[in-house]
Amino acid sequence: MSFDSLGLHSSILRAVTAKGYTTPSPIQEQAIPIVLTGRDLVASAQTGTGKTAAFALPILNRLGPHKKPGPRVLILEPTRELAAQVDENFADFGKFTDLKRALLHGGVGYGKQRADLLAGADIVTATVGRLLDFLNERVLRLDHLQVLVLDEVDRMLDMGFIKDVKKIVSLCPKQRQTLFFSATIPPEIQEIARFALKDPAHVTIGRTRSVNESVTHAIYPVAHHLKFPLLLELLKKTDYKSVIVFSRTKHGADKIARKLKAEGHTVALLHGDRSQGQRKAALEGFKNGTLEVMVATDIAARGLDVAGVTHVINYDIPATPDDYVHRIGRTGRAAAEGDAFTLVTPDQTGELRAIEKFIKATIPQLTMEGFDYKAKAPVPAPGQGQGPRPPRQGGGRFDPRAQPRHHGHRPDGRPTSGQPQRADHRRGDDLSPRAPLPGTTGGKGSGGQQRDKDRAPNPFIQKGRPGAHWQRRDGRR
């Protein structure tokens, strides 16, 4: 089947040809005719199968020429990178139309985005938080919305956006077309689909819990202190064009990127603590080949379409089996071949078994020929070890670690226990026990507490702020 047989307008087909597409993928072949009819749809397919074009092409075909007011189409995305990528796809596929677009996401100012909305955008692609900002400002209204697309819905669920998504759906007209596109459809998403969709069609391509057949993946068992040397060895002996190295944490990604740069690699760094400008520059440099290695957290695991990624290396095993499938899906896209390696330490066998159970397959385990797996961890140089923790400064709670330890005997002859001693505020050097107060037994409570109890109570207590007025305990003034 060709795109010509799907019933798309000539201007859309020209853009598809200019993009270099000739044959629709399975998800495009099944989803496009359904979307063209205006019916709601729940579509599930493995990552890298062309889901964006599956809804962008028929939506552009249905919209026709530009109209005011807008927007007529809203696409919700979980991350800035995905929103920018989808907006770029709409720009490419709609290049021969006069439709206007607006891209809304955080990390940048509101000025241009507000101007694009006020100019009358037909298509709005947005992240959840920034969209709610404009809705609360009443700069944007959804009264004329015709199509609502929830893309990467499983990722929105993972990021805790579902409550906000429901709020946005409630602000949309009831008479609309709603499209769900996701790599996986867990039960929580099915519940939301029942809330947002009416009699939807369902399209499922392949097994959603499997790795693309075009990807060869393997496990490299290794001791924790040898992970980075093994990463360097993999990069040295692998014939890669571009590679993504995944880290579990932002701090870990920073550390890996810094060490790779020190070894002479050109590195793009992508995680949530980077500014929007840094994230954009990293993606652009990686896409155009200027930067050969991208070190990223799972922010890059979902939906990002970077052509030509030949290898994925999981420096850290992913937190969930589902993330493993998404990470591996960054390579082997559009039927291209790719390789994926995961470094697994001895204490992570349980997480490995969970992944294998999830994908219902055993992952081959390999060793790197010539690599010294018995090398010992390097000994820190003198002065590089962690010194004693400095005492806390200023006020605050008593810190026993900041107090000197006394050994031997006290002035009264009693031995010390070696524990930190609190300062004693008695006058002089007399550290002997206090004598019991007159009229007491000398037991517990015979010190200052009993002395205070024996005092006559003050008949006046302060009420309210200082200087306001005074009130007796019996209530009289």
# chains A, B, ... in the order shown; residues from 1 in each chain; ligands from 1
$ residues_around --residues "Val267 in chain A" --least-positions-apart "4" --cutoff "8 Å" --atoms "only C-alpha atoms" --output "PyMOL selection string"
chain A and resi 257+260-261+291-295
$ write_last_selection --atoms "N, CA and C atoms" --output "PDB file, in the first residue's frame"
ATOM      1  N   ALA A 257      29.083  12.151  31.430  1.00  0.00           N
ATOM      2  CA  ALA A 257      29.401  13.085  30.355  1.00  0.00           C
ATOM      3  C   ALA A 257      30.759  13.753  30.594  1.00  0.00           C
ATOM      4  N   LEU A 260      33.514  11.210  29.880  1.00  0.00           N
ATOM      5  CA  LEU A 260      33.639  10.910  28.452  1.00  0.00           C
ATOM      6  C   LEU A 260      34.328  12.052  27.714  1.00  0.00           C
ATOM      7  N   LYS A 261      33.996  13.288  28.083  1.00  0.00           N
ATOM      8  CA  LYS A 261      34.668  14.435  27.466  1.00  0.00           C
ATOM      9  C   LYS A 261      36.160  14.417  27.764  1.00  0.00           C
ATOM     10  N   LEU A 291      27.836  15.977  17.621  1.00  0.00           N
ATOM     11  CA  LEU A 291      28.101  15.290  18.882  1.00  0.00           C
ATOM     12  C   LEU A 291      27.775  13.812  18.707  1.00  0.00           C
ATOM     13  N   GLU A 292      28.739  12.944  18.946  1.00  0.00           N
ATOM     14  CA  GLU A 292      28.573  11.524  18.625  1.00  0.00           C
ATOM     15  C   GLU A 292      27.897  10.728  19.732  1.00  0.00           C
ATOM     16  N   VAL A 293      28.000  11.196  20.960  1.00  0.00           N
ATOM     17  CA  VAL A 293      27.445  10.467  22.101  1.00  0.00           C
ATOM     18  C   VAL A 293      26.470  11.378  22.837  1.00  0.00           C
ATOM     19  N   MET A 294      25.288  10.846  23.127  1.00  0.00           N
ATOM     20  CA  MET A 294      24.352  11.562  23.984  1.00  0.00           C
ATOM     21  C   MET A 294      24.232  10.807  25.302  1.00  0.00           C
ATOM     22  N   VAL A 295      24.483  11.512  26.395  1.00  0.00           N
ATOM     23  CA  VAL A 295      24.271  10.962  27.732  1.00  0.00           C
ATOM     24  C   VAL A 295      22.969  11.561  28.255  1.00  0.00           C
TER      25      VAL A 295
END
$ select_by_dssp --residues "range 131-317 of chain A" --states "alpha helix (DSSP H)" --output "PyMOL selection string"
chain A and resi 131-137+153-158+162-170+187-196+227-237+250-262+276-287
$ closest_residue --among "A:Gly329, A:Gly252, A:Pro71, A:Pro26" --to "His271 in chain A" --atoms "only C-alpha atoms"
A:Gly252
$ residues_around --residues "Arg62 in chain A" --least-positions-apart "5" --cutoff "10 Å" --atoms "only C-alpha atoms" --output "VMD selection string"
chain A and resid 8 to 9 35 to 38 57 146 to 147
$ write_last_selection --atoms "N, CA and C atoms" --output "mmCIF file, in the first residue's frame"
data_model
loop_
_atom_site.group_PDB
_atom_site.id
_atom_site.type_symbol
_atom_site.label_atom_id
_atom_site.label_comp_id
_atom_site.auth_asym_id
_atom_site.auth_seq_id
_atom_site.Cartn_x
_atom_site.Cartn_y
_atom_site.Cartn_z
ATOM 1 N N LEU A 8 -5.469 10.883 1.148
ATOM 2 C CA LEU A 8 -4.928 12.162 1.601
ATOM 3 C C LEU A 8 -4.933 13.195 0.484
ATOM 4 N N HIS A 9 -5.034 14.467 0.849
ATOM 5 C CA HIS A 9 -5.053 15.565 -0.110
ATOM 6 C C HIS A 9 -3.705 15.681 -0.808
ATOM 7 N N VAL A 35 -8.837 7.867 11.504
ATOM 8 C CA VAL A 35 -8.822 9.282 11.894
ATOM 9 C C VAL A 35 -9.522 10.141 10.848
ATOM 10 N N LEU A 36 -9.394 9.794 9.586
ATOM 11 C CA LEU A 36 -10.047 10.561 8.514
ATOM 12 C C LEU A 36 -11.561 10.524 8.633
ATOM 13 N N THR A 37 -12.105 9.465 9.222
ATOM 14 C CA THR A 37 -13.558 9.376 9.374
ATOM 15 C C THR A 37 -14.072 10.209 10.548
ATOM 16 N N GLY A 38 -13.175 10.685 11.412
ATOM 17 C CA GLY A 38 -13.593 11.475 12.564
ATOM 18 C C GLY A 38 -13.902 10.655 13.795
ATOM 19 N N LEU A 57 -0.899 13.374 9.724
ATOM 20 C CA LEU A 57 -1.334 13.427 8.320
ATOM 21 C C LEU A 57 -2.858 13.519 8.188
ATOM 22 N N GLN A 146 -11.671 20.907 17.737
ATOM 23 C CA GLN A 146 -12.273 19.810 16.977
ATOM 24 C C GLN A 146 -11.586 18.477 17.249
ATOM 25 N N VAL A 147 -10.259 18.519 17.477
ATOM 26 C CA VAL A 147 -9.489 17.281 17.662
ATOM 27 C C VAL A 147 -8.579 17.440 18.878
#
$ select_by_dssp --residues "range 49-144 of chain A" --states "strand (DSSP E or B)" --output "PDB file with N, CA and C atoms, in the first residue's frame"
ATOM      1  N   VAL A  73      -7.083  22.200  16.884  1.00  0.00           N
ATOM      2  CA  VAL A  73      -6.410  20.946  17.233  1.00  0.00           C
ATOM      3  C   VAL A  73      -5.501  21.212  18.428  1.00  0.00           C
ATOM      4  N   LEU A  74      -5.554  20.327  19.419  1.00  0.00           N
ATOM      5  CA  LEU A  74      -4.665  20.392  20.580  1.00  0.00           C
ATOM      6  C   LEU A  74      -3.984  19.042  20.738  1.00  0.00           C
ATOM      7  N   ILE A  75      -2.643  19.078  20.777  1.00  0.00           N
ATOM      8  CA  ILE A  75      -1.853  17.865  21.007  1.00  0.00           C
ATOM      9  C   ILE A  75      -1.114  18.030  22.323  1.00  0.00           C
ATOM     10  N   LEU A  76      -1.364  17.148  23.266  1.00  0.00           N
ATOM     11  CA  LEU A  76      -0.694  17.178  24.569  1.00  0.00           C
ATOM     12  C   LEU A  76       0.478  16.207  24.563  1.00  0.00           C
ATOM     13  N   GLU A  77       1.636  16.701  25.039  1.00  0.00           N
ATOM     14  CA  GLU A  77       2.845  15.888  25.115  1.00  0.00           C
ATOM     15  C   GLU A  77       3.419  15.947  26.525  1.00  0.00           C
ATOM     16  N   ARG A 101       0.500  27.451  13.548  1.00  0.00           N
ATOM     17  CA  ARG A 101       0.785  26.582  14.685  1.00  0.00           C
ATOM     18  C   ARG A 101       1.281  27.412  15.863  1.00  0.00           C
ATOM     19  N   ALA A 102       1.155  26.815  17.058  1.00  0.00           N
ATOM     20  CA  ALA A 102       1.728  27.388  18.277  1.00  0.00           C
ATOM     21  C   ALA A 102       2.313  26.252  19.097  1.00  0.00           C
ATOM     22  N   LEU A 103       3.539  26.458  19.579  1.00  0.00           N
ATOM     23  CA  LEU A 103       4.222  25.469  20.411  1.00  0.00           C
ATOM     24  C   LEU A 103       4.342  26.036  21.821  1.00  0.00           C
ATOM     25  N   LEU A 104       3.767  25.337  22.797  1.00  0.00           N
ATOM     26  CA  LEU A 104       3.738  25.823  24.176  1.00  0.00           C
ATOM     27  C   LEU A 104       4.456  24.823  25.084  1.00  0.00           C
ATOM     28  N   ILE A 123      -3.323  24.887  15.146  1.00  0.00           N
ATOM     29  CA  ILE A 123      -2.806  23.689  15.810  1.00  0.00           C
ATOM     30  C   ILE A 123      -1.933  24.125  16.971  1.00  0.00           C
ATOM     31  N   VAL A 124      -2.249  23.628  18.156  1.00  0.00           N
ATOM     32  CA  VAL A 124      -1.459  23.915  19.354  1.00  0.00           C
ATOM     33  C   VAL A 124      -0.877  22.604  19.871  1.00  0.00           C
ATOM     34  N   THR A 125       0.449  22.576  19.984  1.00  0.00           N
ATOM     35  CA  THR A 125       1.139  21.440  20.589  1.00  0.00           C
ATOM     36  C   THR A 125       1.723  21.933  21.906  1.00  0.00           C
ATOM     37  N   ALA A 126       1.422  21.240  23.003  1.00  0.00           N
ATOM     38  CA  ALA A 126       1.748  21.801  24.311  1.00  0.00           C
ATOM     39  C   ALA A 126       2.098  20.731  25.327  1.00  0.00           C
ATOM     40  N   THR A 127       2.911  21.135  26.300  1.00  0.00           N
ATOM     41  CA  THR A 127       3.077  20.345  27.517  1.00  0.00           C
ATOM     42  C   THR A 127       1.976  20.757  28.496  1.00  0.00           C
TER      43      THR A 127
END
$ residues_around --residues "Pro364 in chain A" --least-positions-apart "4" --cutoff "8 Å" --atoms "only C-alpha atoms" --output "PDB file with C-alpha atoms, in the first residue's frame"
ATOM      1  CA  HIS A 217      20.270  -6.461  22.614  1.00  0.00           C
ATOM      2  CA  ALA A 218      22.561  -8.053  25.163  1.00  0.00           C
ATOM      3  CA  ILE A 219      23.705  -7.891  28.784  1.00  0.00           C
TER       4      ILE A 219
END
$ residues_around --residues "Asp92 in chain A" --least-positions-apart "6" --cutoff "9 Å" --atoms "only C-alpha atoms" --output "list in words"
Ala15, Val16, Ala18 and Lys19 of chain A
$ atom_distance --atom1 "CA of Gly264 in chain A" --atom2 "CA of Asn288 in chain A"
18.9 Å
$ residues_around --residues "His66 in chain A" --least-positions-apart "4" --cutoff "8 Å" --atoms "only C-alpha atoms" --output "PDB file with C-alpha atoms, in the first residue's frame"
ATOM      1  CA  ASP A  98      -1.546  27.980   5.263  1.00  0.00           C
ATOM      2  CA  LEU A  99      -2.286  26.482   8.675  1.00  0.00           C
ATOM      3  CA  LYS A 100      -0.808  28.278  11.710  1.00  0.00           C
ATOM      4  CA  ASP A 122      -5.012  26.313  14.144  1.00  0.00           C
TER       5      ASP A 122
END
$ residues_around --residues "Phe55 in chain A" --least-positions-apart "3" --cutoff "8 Å" --atoms "only C-alpha atoms" --output "JSON, numbers by chain"
{"A": [28, 31, 32, 35, 51, 52, 58, 59]}
$ closest_residue --among "A:Pro200, A:Gly70, A:Gly129, A:Pro78" --to "Asp40 in chain A" --atoms "only C-alpha atoms"
A:Pro200
$ atom_distance --atom1 "CA of Arg39 in chain A" --atom2 "CA of Ala201 in chain A"
7.2 Å
$ atom_distance --atom1 "CA of Arg141 in chain A" --atom2 "CA of Arg155 in chain A"
25.4 Å
